[in-house]
Amino acid sequence: MDVSSVLESQKQASKATEVQRVIPLDYDLGHLMASDINVLDDKVLGGSDSAALNQYLRKVTREGAQLLINQMFDLPTNPTETSVLATLPEPKLVLPREKHVPKPKTKTRWERFAEAKGIKKQKRSAMVFDDATEEYKPRWGSKSAKNTANDWAVPLAEKDDPFADPRKKVRDEKKERMAKNQRRQQRNQEEAELKDRLPSVDPRAMKKQDLQRALTLTKTSTASLGKFDQKLKDEPRVKGIKRKFKPTADKASNERETSLGLLKQVIDGPKNTVNVRKAVKKTKM
Amino acid sequence: MLHTPVPRSRRAKRALDKRAPLIVENVKKSLIVTGSSTSEWVRDALKDLHDLKKPNSLRYTRKNELRPFDDATQLEQMSRKNDTSLFLFGSHSKKRPNNLVIGRMFDHGVLDMIEMGIEYAIPAEFLDQVKCTVGAKPLFLFQGDAFEFRDDYRRLKNILVDFFHGEFSDGFDLKGFEHLISVTAGPIPEDSDRPGLIFFRVMAIHLKKSGTKYPRVELTEIGPALDLRIRRTKYADEKLWRKATRVPRDLQPRKVQNISRDGLGNKLGRIHLGKQNVEQIPLRQMKAVKKLRAEKAQKERAAAQGTGQAMDVEPASP
């Protein structure tokens, strides 16, 4: 059997997809990109014959594209129902981001607690079956079964005050809960902000320190320096500033040094005659 | 960031959340801006490049009095307003005829930009009318060693890839080849600092059967075809670039402990066995050991007898 014709056609076929390059191309298939650093024909590219230039460009580009697409067909594939997906490698060329990397959100106290205890948030349906009315109602909110604010009658327990307004009581309790939650929200926000600014500081310790400082200040703000104020439980003792005096009779060397220092100050005069801070304060803007 | 806007309504909050920085980012959107005076080449180039970048592109067709290299604040403001991070600005003046400025933003501030002059152009409408699908991912081909060895060319390559690469994915449909962006570096004049021409071409890809594993690739030019020359440039400084290319911790490859690879690509493991308890190893019971044990037992018995005898002994009466 003569197979030469088959071989010949095979050769022709491979010729159609083969491209010769001295230096192999650098592929970055993650970006579907190829870079060719082989020498180009500068005479044509720099010449004035635009037809020849475009023809040359088309030829070179076709060859480059052939090499790139050959490389793509060599990639491991993952056939799906409608197409054949080539698995692309990680891109090599580093591209900048459009925005900065987002900062991780500071966790609230509850989130930290839940994490420590292993408490996970569970998905609950928004609607629950209400046995009293035998229909589905929202789990919470103004139309929920739990909301008794608009009920036409309110059952009173034996111990309840019959003259107090039970609705007002419910309202007040809710207000209190909301206020408490808001306080906590604020606290979380403050702590998060502090953590952003000074990551190494424990916000609770810092708060305690601030409170202590404020307490000492108030103690010393009265005329009697807090002597007659009511003492708190476990109140820290306020330490006053101890005045230090130099000994009246000191070593001769020390005495000489201080005297000479004083003399030098007098002779040299003050270094900076303008107190900038005070001057700025006095200047009328 | 100059200031962080505080949303006053839910809707505003949602709009702001949409623009918040992400760990895995969306496709960069481009803003195509027309300058106060333009030439036909510039207008066509802006339109064609906008078409190429669609659907992630926004085009301002009215005149804008901008000079990105003198004062980029207006451009940055536009970027902030439209949440775009790439820009292409076209203008035409006596001093800088047929001018294109291509660049990108980081956090809505200019990261880098390159100004180029169009020295010759064929708009897409005069070329092959079989255009590619909107939003298709292009292939890139950079030809010429300048893209490897010259700083300005290398940066241009980075910007062009960033501009047109489209959505990232780890898979590519092998029937989905649509178009190729080919950028070829012309000869660089040796006697002057002037950079050489850069030939920007866009081709449609047609795959033909070849009888081998690989298809035969044929290209038709769909345009735009632009011959460009780099003019002014502004690059990001080292610090900003490092900030812009930071990889979030969640995307960094995890370091696997105790597994390493040597120079030959062999996988090496380090195993920690902990302390062995030698006392409790069950050894084979040999005769010698048995003998020893028997002796030990005998000794113990003797000792016990000895103490017993001592107890029994009555004190000697005088």
# chains A, B, ... in the order shown; residues from 1 in each chain; ligands from 1
>>> interface_residues(of="chain B", to="chain A", cutoff="7 Å", atoms="only C-alpha atoms", output="compact mmCIF listing (two decimals) with C-alpha atoms, in the first residue's frame")
# COMPACT_ATOMS: atom_id res chain seq x y z
CA PRO B 21 -13.49 48.29 47.42
CA LEU B 22 -13.71 44.55 46.89
CA ILE B 23 -11.31 41.73 47.54
CA SER B 85 -10.80 53.41 36.72
CA MET B 105 -6.74 55.37 38.26
CA PHE B 106 -6.15 53.93 41.68
CA ASP B 107 -8.73 54.96 44.26
CA LEU B 139 -6.00 37.73 22.68
CA PHE B 140 -2.89 39.88 23.00
CA LEU B 141 0.22 39.72 20.91
CA PHE B 142 3.14 42.06 21.60
CA GLN B 143 5.88 41.98 19.01
CA GLY B 144 9.29 43.54 19.25
CA ASP B 145 11.92 43.39 21.96
CA ASN B 158 0.75 46.78 31.02
CA ASP B 162 -5.26 46.20 31.78
CA HIS B 165 -8.43 42.20 29.01
CA ASP B 170 -9.73 30.36 34.75
CA GLY B 171 -11.35 28.69 31.74
CA PHE B 172 -11.46 29.70 28.09
CA ASP B 173 -13.77 28.28 25.46
CA LEU B 174 -11.58 26.92 22.66
CA SER B 182 -1.63 43.01 18.15
CA GLY B 186 8.57 49.69 15.01
CA PRO B 187 12.28 50.51 14.75
CA SER B 210 -5.84 21.82 9.29
CA GLY B 211 -5.91 18.07 9.80
CA THR B 212 -3.73 18.34 12.90
CA TYR B 214 -4.12 22.69 15.96
CA PRO B 215 -6.36 24.75 13.72
CA ARG B 216 -4.98 26.95 10.98
CA VAL B 217 -5.32 30.56 12.08
CA GLU B 218 -6.44 33.20 9.60
CA LEU B 219 -6.84 36.86 10.51
CA ALA B 244 -1.96 49.28 44.05
CA THR B 245 -0.56 45.82 43.42
CA PRO B 248 -5.33 40.76 49.69
>>> residues_around(residues="range 197-213 of chain A", least_positions_apart="6", cutoff="9 Å", atoms="only C-alpha atoms", output="list in words")
Glu190, Glu191 and Pro236 of chain A
>>> write_last_selection(atoms="C-alpha atoms", output="short mmCIF file (atom, residue, chain, number, x, y, z; two decimals), in the first residue's frame")
data_model
loop_
_atom_site.label_atom_id
_atom_site.label_comp_id
_atom_site.auth_asym_id
_atom_site.auth_seq_id
_atom_site.Cartn_x
_atom_site.Cartn_y
_atom_site.Cartn_z
CA GLU A 190 -15.99 54.05 69.17
CA GLU A 191 -14.01 50.94 69.89
CA PRO A 236 -8.14 54.62 94.20
#
>>> closest_atom_pairs(of="range 193-258 of chain B", to="range 26-44 of chain B", cutoff="12 Å", atoms="only C-alpha atoms", output="CSV")
residue,atom,partner,partner_atom,distance
B:Gly223,CA,B:Asp44,CA,10.5
B:Pro224,CA,B:Asp44,CA,8.3
B:Ala225,CA,B:Asp44,CA,10.5
B:Leu226,CA,B:Trp41,CA,9.1
B:Asp227,CA,B:Trp41,CA,11.0
B:Leu228,CA,B:Val42,CA,11.5
>>> select_by_dssp(residues="range 9-107 of chain A", states="alpha helix (DSSP H)", output="PyMOL selection string")
chain A and resi 9-17+42-46+50-73
>>> residues_around(residues="Val170 in chain A", least_positions_apart="6", cutoff="12 Å", atoms="only C-alpha atoms", output="PyMOL selection string")
chain A and resi 146-151+154+164+176-177
>>> write_last_selection(atoms="N, CA and C atoms", output="compact mmCIF listing (two decimals), in the first residue's frame")
# COMPACT_ATOMS: atom_id res chain seq x y z
N LYS A 146 -46.11 38.91 68.24
CA LYS A 146 -45.52 39.30 69.53
C LYS A 146 -45.91 40.72 69.92
N ASN A 147 -46.21 41.53 68.93
CA ASN A 147 -46.48 42.94 69.22
C ASN A 147 -47.87 43.12 69.85
N THR A 148 -47.90 43.47 71.12
CA THR A 148 -49.18 43.60 71.84
C THR A 148 -49.60 45.05 71.98
N ALA A 149 -48.88 45.95 71.35
CA ALA A 149 -49.14 47.37 71.56
C ALA A 149 -50.54 47.77 71.09
N ASN A 150 -51.06 47.10 70.05
CA ASN A 150 -52.35 47.51 69.51
C ASN A 150 -53.49 46.56 69.88
N ASP A 151 -53.24 45.63 70.78
CA ASP A 151 -54.32 44.72 71.20
C ASP A 151 -55.42 45.51 71.90
N VAL A 154 -55.71 44.18 77.35
CA VAL A 154 -54.44 43.73 77.90
C VAL A 154 -54.72 42.98 79.20
N ALA A 164 -52.14 51.73 86.61
CA ALA A 164 -51.06 52.11 85.68
C ALA A 164 -51.50 51.79 84.25
N GLU A 176 -36.59 51.82 76.17
CA GLU A 176 -35.38 51.54 76.95
C GLU A 176 -34.47 50.56 76.21
N ARG A 177 -35.11 49.53 75.62
CA ARG A 177 -34.33 48.54 74.88
C ARG A 177 -33.62 49.19 73.70
>>> select_by_dssp(residues="range 107-232 of chain B", states="strand (DSSP E or B)", output="VMD selection string")
chain B and resid 109 to 122 139 to 143 171 to 173 179 to 185 197 to 208 216 to 221 225 to 232
>>> closest_residue(among="B:Pro282, B:Arg80, B:Phe89, B:His50", to="Leu66 in chain B", atoms="only C-alpha atoms")
B:Phe89
